[in-house]
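> Input: one structure, supplied below.
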Amino acid sequence: MRITRRNLANHPLIGLKARILSYPDPTIRGLEGTITGDNRRTLTLDTGNREVLILKAHAILLIEIPGGGWARVKGELLTGTPPDRAKRILRGR
């Protein structure tokens, strides 16, 4: 299945490029890199210089969609593992 803005949360995020638009820690805002880890509550972002651990619930991200375009996503929608997220969406929560 192709990744789109509508189904982004159903897919694993590892390997996608992301930019942090909003985060409580001002040193993390604006960072851009590749997602290298996707756990239940955190994302790991490789910026090239370092890897940064980000709490999903506190972030607003801009994630690049394969094939072109970007999607703005509230991190709280990405909480849980990819299979958990897909189940939650199917149940309508």
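Following the order of the structure tokens, first chain is A, next is B, and so on, with residues numbered from 1 inside each chain and ligands from 1 in the order they appear.
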Excluding Leu45 of chain A and its own-chain neighbours fewer than 5 positions away, which residues fall within 7 Å of it when counting only C-alpha atoms? Please give them as a VMD selection string.
chain A and resid 33 to 36 51 to 53
> Keeping C-alpha atoms, export the residues of the selection given above as a PDB file, in the first residue's frame.

```
ATOM      1  CA  GLY A  33      16.962  14.200   9.666  1.00  0.00           C
ATOM      2  CA  THR A  34      16.040  10.594   9.023  1.00  0.00           C
ATOM      3  CA  ILE A  35      13.894   8.577  11.414  1.00  0.00           C
ATOM      4  CA  THR A  36      16.010   5.620  12.569  1.00  0.00           C
ATOM      5  CA  GLU A  51      20.877  10.929  17.059  1.00  0.00           C
ATOM      6  CA  VAL A  52      18.109  12.650  19.009  1.00  0.00           C
ATOM      7  CA  LEU A  53      15.407  10.879  21.015  1.00  0.00           C
TER       8      LEU A  53
END
```
> Using only C-alpha atoms, determine which residues lie at most 10 Å from Thr4 of chain A, disregarding the query and same-chain residues fewer than 6 positions distant; provide the list as a PDB file with N, CA and C atoms, in the first residue's frame.

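Ended up saving to selection_26.pdb:
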```pdb
ATOM      1  N   ASN A  10      -0.371   4.596   9.753  1.00  0.00           N
ATOM      2  CA  ASN A  10      -0.488   3.132   9.672  1.00  0.00           C
ATOM      3  C   ASN A  10       0.821   2.459   9.301  1.00  0.00           C
ATOM      4  N   HIS A  11       1.779   3.221   8.833  1.00  0.00           N
ATOM      5  CA  HIS A  11       3.012   2.650   8.296  1.00  0.00           C
ATOM      6  C   HIS A  11       4.191   2.858   9.240  1.00  0.00           C
ATOM      7  N   GLU A  64       8.303  13.688   5.434  1.00  0.00           N
ATOM      8  CA  GLU A  64       8.307  13.592   3.980  1.00  0.00           C
ATOM      9  C   GLU A  64       7.653  12.286   3.552  1.00  0.00           C
ATOM     10  N   ILE A  65       6.752  12.394   2.594  1.00  0.00           N
ATOM     11  CA  ILE A  65       6.047  11.227   2.067  1.00  0.00           C
ATOM     12  C   ILE A  65       6.807  10.731   0.843  1.00  0.00           C
ATOM     13  N   PRO A  66       7.086   9.426   0.785  1.00  0.00           N
ATOM     14  CA  PRO A  66       7.764   8.903  -0.397  1.00  0.00           C
ATOM     15  C   PRO A  66       6.981   9.242  -1.669  1.00  0.00           C
ATOM     16  N   GLY A  67       7.676   9.681  -2.677  1.00  0.00           N
ATOM     17  CA  GLY A  67       7.012  10.057  -3.915  1.00  0.00           C
ATOM     18  C   GLY A  67       6.714  11.541  -3.997  1.00  0.00           C
ATOM     19  N   GLY A  68       6.997  12.272  -2.922  1.00  0.00           N
ATOM     20  CA  GLY A  68       6.811  13.717  -2.957  1.00  0.00           C
ATOM     21  C   GLY A  68       5.814  14.216  -1.949  1.00  0.00           C
ATOM     22  N   GLY A  69       6.050  15.395  -1.472  1.00  0.00           N
ATOM     23  CA  GLY A  69       5.152  16.039  -0.524  1.00  0.00           C
ATOM     24  C   GLY A  69       5.559  15.815   0.920  1.00  0.00           C
ATOM     25  N   TRP A  70       4.964  16.626   1.779  1.00  0.00           N
ATOM     26  CA  TRP A  70       5.213  16.559   3.209  1.00  0.00           C
ATOM     27  C   TRP A  70       3.881  16.509   3.936  1.00  0.00           C
ATOM     28  N   ALA A  71       3.864  15.883   5.111  1.00  0.00           N
ATOM     29  CA  ALA A  71       2.658  15.817   5.935  1.00  0.00           C
ATOM     30  C   ALA A  71       2.974  16.371   7.316  1.00  0.00           C
TER      31      ALA A  71
END
```
> With distances taken over only C-alpha atoms, which of A:Ala86, A:Leu16, A:Leu8, A:Leu31 is nearest to Ala59 of chain A?
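Closest to Ala59 of chain A of all the choices is A:Leu31.
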> Between A:Pro26, A:Pro82, A:Gly75, A:Gly15, which has the minimum distance to Asp46 of chain A (counting only C-alpha atoms)?
A:Gly15
> With DSSP run on the backbone, what are the helix (DSSP H, G or I) residues within chain A? I'd like them as number ranges by chain.
A: 8-10, 56-58, 75-78, 82-91
> Let's see if you can do this: from backbone DSSP, list all strand (DSSP E or B) residues in chain A, as a short mmCIF file (atom, residue, chain, number, x, y, z; two decimals) with C-alpha atoms, in the first residue's frame.

```cif
data_model
loop_
_atom_site.label_atom_id
_atom_site.label_comp_id
_atom_site.auth_asym_id
_atom_site.auth_seq_id
_atom_site.Cartn_x
_atom_site.Cartn_y
_atom_site.Cartn_z
CA LYS A 17 12.81 12.22 6.57
CA ALA A 18 11.32 14.43 9.27
CA ARG A 19 11.58 17.96 10.64
CA ILE A 20 10.58 18.96 14.18
CA LEU A 21 8.21 21.94 13.95
CA SER A 22 7.26 22.20 17.61
CA GLU A 32 15.81 17.71 10.45
CA GLY A 33 16.96 14.20 9.67
CA THR A 34 16.04 10.59 9.02
CA ILE A 35 13.89 8.58 11.41
CA THR A 36 16.01 5.62 12.57
CA GLY A 37 13.86 4.37 15.45
CA ASP A 38 10.11 4.14 16.02
CA THR A 42 9.62 7.82 21.06
CA LEU A 43 11.20 8.48 17.69
CA THR A 44 14.94 8.51 17.05
CA LEU A 45 16.03 11.12 14.54
CA ASP A 46 19.48 10.94 12.92
CA GLU A 51 20.88 10.93 17.06
CA VAL A 52 18.11 12.65 19.01
CA LEU A 53 15.41 10.88 21.02
CA ILE A 54 12.04 12.63 20.69
CA LEU A 55 8.91 11.99 22.73
CA ILE A 60 4.61 18.31 15.93
CA LEU A 61 6.47 16.90 12.94
CA LEU A 62 6.73 17.49 9.23
CA ILE A 63 7.31 14.08 7.61
CA GLU A 64 8.31 13.59 3.98
CA TRP A 70 5.21 16.56 3.21
CA ALA A 71 2.66 15.82 5.93
CA ARG A 72 2.27 17.80 9.15
CA VAL A 73 1.55 15.34 11.97
CA LYS A 74 0.85 15.73 15.67
#
```
> Go ahead and compute the interatomic distance for atom CA of Arg88 of chain A and atom CA of Ile14 of chain A, in Å to one decimal.
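So the two atoms, atom CA of Arg88 of chain A and atom CA of Ile14 of chain A, lie 19.7 Å apart.
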> Could you check how far atom CA of Asn39 of chain A sits from atom CA of Thr79 of chain A, in Å to one decimal?
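A separation of 8.2 Å between them.
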> At what distance in Å, to one decimal, does atom CA of Arg5 of chain A lie from atom CA of Pro24 of chain A?
24.7 Å
